[in-house]
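The structure under discussion appears below in the form of structure tokens.
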There are 2 protein chains.
Amino acid sequence: MTLLVVGSVAFDTIETPFGKADRVLGGSATFFAYAASYFTKQRLVGIVGHDFPPEHLDELVERGVDISGLQVSKTGKTFHWTGRYEGDMNAAQTLGVSLNVLGEYKAAVPEGFRDSPYVFLANDHPKTQLDVLASVRGNPLSVADTRDFWISEEPELLAELLRRVDGLVLNEHEARLLTGTSNLVKAGRDVLARGPEWAVIKKGEHGALLFSSEGTFAIPACPLEVVRDPTGAGDAFAGGLMGYLASSGKRSLEAVRRGLTYGTVTASVAVEDFSVEPFRKVTKEQLNDRHDAFLKAIRF
Amino acid sequence: MTLLVVGSVAFDTIETPFGKADRVLGGSATFFAYAASYFTKQRLVGIVGHDFPPEHLDELVERGVDISGLQVSKTGKTFHWTGRYEGDMNAAQTLGVSLNVLGEYKAAVPEGFRDSPYVFLANDHPKTQLDVLASVRGNPLSVADTRDFWISEEPELLAELLRRVDGLVLNEHEARLLTGTSNLVKAGRDVLARGPEWAVIKKGEHGALLFSSEGTFAIPACPLEVVRDPTGAGDAFAGGLMGYLASSGKRSLEAVRRGLTYGTVTASVAVEDFSVEPFRKVTKEQLNDRHDAFLKAIRF
């Protein structure tokens, strides 16, 4: 089934202990879409500037992404994030943010996208996320991400969003900030009490925790020898999870659990090199092989 | 089958964000033995001082531990560690170490213990660990722990130990220090190249990694809402692992993998309260229930 993703398409300038990349393709919707493209057709809503290379658009289309909801500004420049990772690369240090076209933009879902049965709301103003959700017809499986800024600055709108979505995906820092508790199991249960049927707390190289009425599940990350750039890992995780769900046509908790194994694998692909480069190299067959190998590595 | 453990029996004085404990029962061999006691009979080699409460000895005996290899000094005091955990409690801060009877002591295995088919060498001088190992007859399954001090101060003797043991259990900090690499998957492979058939890198609340010729396995920790004192978790992990192996009579890599699930559960018991208090409350049946629940929580 078709999967709608609403989020940023961006340029990233990144430095890690393993190299540098200047103005490469990035953004939450981008990493999400590249990961989900192994599984399902997608619809993307977002905006880029006049400086955005057409070949990036072509590649999204080749990967089965309908980009008719992706505006191309004639006057503005593409959103540009500059960041650095040091040491164990667990946290990005933001060196610069040029909102550019994102500054005035408010995501809106085209009429033709409003019947999407699976919806992912990447990090955005919770008011925008709520409006997007309200514009989608029927009862889609809706999953949201957020970030520290909205947790601090828009707690009421975020609380409203949590009452509306089926699932929430957030990292451990965000989970602690949202719930005010440092213990992640308590934090996860607290998130559930705020509305969503399930929540995933992402712990980067340490895997993820899934919370639902079925209890708490723990999944490790893929054991990796090569991590060159963690940028986009969380979005690629969500993309693998949602891509699997959409492709299966399921939304049961059991399907979510299985989806986490795919999300873990697509996240492991994302971190192997800068930008979306690893996705250009890994075939669907190779991804399945990695998934098989991962399932073996976590079977006890 | 009988399991021999050689290590420290101590007093701990500990402060965590959740409370304080003064001169409570601690030590690597203690936590190991309490955890392993759910599975198998044991033999313990170590030393305590004249100030060591006899009821602690009685409790070890009640738990199936042969303490005829535990010396009780008539003149010296029991080894005493003072430490503190702050924030997320991932690392202990040592505030004081009184070696006391440990200062002059060198572990030696009594004649009656030398046929032990399973041997765990808790952290000690690698020369002592080597001597202990040499004194055990036959071909026991031998597993060692170590710590940063020996890695830095006795690299050659430690290298010799690694050539002799079947398994090594160490934490992520020690793995990085030993191998000089920050990536834990690389570090694990590097440890294997130094001798042992398998190695486990413990990551505390983030679980553990197992390395062997079968590849890399990743296991999460039990998702816990209550962690009052992490002291002894690593030793309790080793105790559950080795206890299971000894009780099964196996030493295959498959058995080691299964043992990790038991070690994870006994470690999760250890951290629930100070000292060995949680082991006094959790029955064998409850431990099995926790193990079942844990297997469900990591099944994808």
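FYI, nothing fancy with the structure tokens labels: chains A, B, ... in order, residues from 1 per chain, ligands from 1 as they appear.
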Using only C-alpha atoms, find which residues of chain A lie within 8 Å of chain B and jot them down as a PyMOL selection string.
-> chain A and resi 88+182-186+206-207+215-225+257-258+261+295-300
For range 20-29 of chain A, list every protein, DNA or RNA residue within 6 Å, evaluated using only C-alpha atoms, and leave out those in the same chain fewer than 5 positions away; present the list as a PyMOL selection string.
-> chain A and resi 7-15+235+275
Please produce an output containing N, CA and C atoms for each residue in the selection, written as a PDB file, in the first residue's frame.
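After the write, result_35.pdb holds the following:
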```pdb
ATOM      1  N   GLY A   7       8.058  15.667   5.145  1.00  0.00           N
ATOM      2  CA  GLY A   7       9.266  16.037   5.896  1.00  0.00           C
ATOM      3  C   GLY A   7      10.214  16.844   5.042  1.00  0.00           C
ATOM      4  N   SER A   8      11.427  16.976   5.524  1.00  0.00           N
ATOM      5  CA  SER A   8      12.378  17.859   4.855  1.00  0.00           C
ATOM      6  C   SER A   8      13.209  17.129   3.809  1.00  0.00           C
ATOM      7  N   VAL A   9      13.520  17.874   2.762  1.00  0.00           N
ATOM      8  CA  VAL A   9      14.494  17.447   1.758  1.00  0.00           C
ATOM      9  C   VAL A   9      15.555  18.539   1.770  1.00  0.00           C
ATOM     10  N   ALA A  10      16.788  18.180   1.944  1.00  0.00           N
ATOM     11  CA  ALA A  10      17.776  19.188   2.342  1.00  0.00           C
ATOM     12  C   ALA A  10      19.152  18.954   1.738  1.00  0.00           C
ATOM     13  N   PHE A  11      19.992  19.937   1.952  1.00  0.00           N
ATOM     14  CA  PHE A  11      21.436  19.760   1.773  1.00  0.00           C
ATOM     15  C   PHE A  11      22.057  19.606   3.158  1.00  0.00           C
ATOM     16  N   ASP A  12      22.993  18.687   3.263  1.00  0.00           N
ATOM     17  CA  ASP A  12      23.755  18.525   4.498  1.00  0.00           C
ATOM     18  C   ASP A  12      25.222  18.802   4.226  1.00  0.00           C
ATOM     19  N   THR A  13      25.839  19.518   5.145  1.00  0.00           N
ATOM     20  CA  THR A  13      27.293  19.619   5.136  1.00  0.00           C
ATOM     21  C   THR A  13      27.777  19.017   6.457  1.00  0.00           C
ATOM     22  N   ILE A  14      28.559  17.969   6.342  1.00  0.00           N
ATOM     23  CA  ILE A  14      28.833  17.126   7.509  1.00  0.00           C
ATOM     24  C   ILE A  14      30.308  16.820   7.635  1.00  0.00           C
ATOM     25  N   GLU A  15      30.754  16.815   8.900  1.00  0.00           N
ATOM     26  CA  GLU A  15      32.110  16.358   9.170  1.00  0.00           C
ATOM     27  C   GLU A  15      32.042  15.274  10.243  1.00  0.00           C
ATOM     28  N   ASP A 235      15.819   8.499  10.629  1.00  0.00           N
ATOM     29  CA  ASP A 235      14.811   8.592   9.570  1.00  0.00           C
ATOM     30  C   ASP A 235      14.801   7.320   8.718  1.00  0.00           C
ATOM     31  N   SER A 275      25.503  10.825   3.309  1.00  0.00           N
ATOM     32  CA  SER A 275      24.305  11.058   2.508  1.00  0.00           C
ATOM     33  C   SER A 275      23.570   9.744   2.223  1.00  0.00           C
TER      34      SER A 275
END
```
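CA of Ser268 in chain A is found 15.1 Å from CA of Ala33 in chain A.
Put simply, CA of Ser73 in chain B is 25.0 Å away from CA of Thr146 in chain B.
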From A:Phe39, A:Tyr105, A:Trp81, A:Phe274, residue lying nearest Thr2 in chain A [only C-alpha atoms] | A:Phe39
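The space between CA of Thr82 in chain B and CA of Leu95 in chain B spans 5.3 Å.
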Excluding same-chain residues fewer than 6 positions from range 157-169 of chain B, what lies within 10 Å of it counting only C-alpha atoms, as an NGL selection string?
-> :B and (119-123 or 125-131 or 133-134 or 140-146 or 150-151 or 175 or 178 or 191-202 or 208 or 210-212 or 234-235 or 237-238 or 251 or 256)
For range 96-99 of chain A, work out the shell of residues within 9 Å, counting only C-alpha atoms and skipping chain neighbours fewer than 5 positions away, then give it as JSON, numbers by chain.
-> {"A": [77, 78, 79, 80, 81, 82, 83, 104]}
Go through range 11-80 of chain B and collect every residue that DSSP, computed from the backbone, puts in strand (DSSP E or B); the answer should be as a PyMOL selection string.
-> chain B and resi 11-16+19-26+42-48+65-72+80
Extract, using only C-alpha atoms, all DNA, RNA and protein residues at most 8 Å from Arg137 in chain B, discarding same-chain residues fewer than 4 positions from it, and format them as a PyMOL selection string.
-> chain B and resi 114-116
Selected residue of minimal separation from Val45 in chain B among B:Val269, B:Leu245, B:Val6, B:Leu170, counting only C-alpha atoms = B:Val6
Write out as a ChimeraX atom specification each polymer residue whose atoms come within 7 Å of Lys41 in chain A, counting only C-alpha atoms; drop sequence neighbours fewer than 3 positions from it.
-> /A:2-3,37,64-65
Restricted to N, CA and C atoms, what would the selected residues look like written as a compact mmCIF listing (two decimals), in the first residue's frame?
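Final file, part-v6.txt:
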```
# COMPACT_ATOMS: atom_id res chain seq x y z
N THR A 2 0.29 2.36 -0.42
CA THR A 2 1.09 3.57 -0.58
C THR A 2 1.37 4.24 0.76
N LEU A 3 2.54 4.78 0.84
CA LEU A 3 3.02 5.39 2.07
C LEU A 3 3.29 6.88 1.81
N SER A 37 11.88 2.85 0.22
CA SER A 37 11.74 2.52 -1.20
C SER A 37 12.06 1.05 -1.48
N GLY A 64 10.45 5.00 -6.96
CA GLY A 64 9.02 4.78 -6.73
C GLY A 64 8.38 5.83 -5.85
N VAL A 65 8.99 7.01 -5.81
CA VAL A 65 8.42 8.08 -4.98
C VAL A 65 7.68 9.07 -5.88
```
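Distances from A:Thr231, A:Thr283, A:Asn90, A:Ser135 to Gly204 in chain A were compared using only C-alpha atoms, and the smallest one belongs to A:Asn90.
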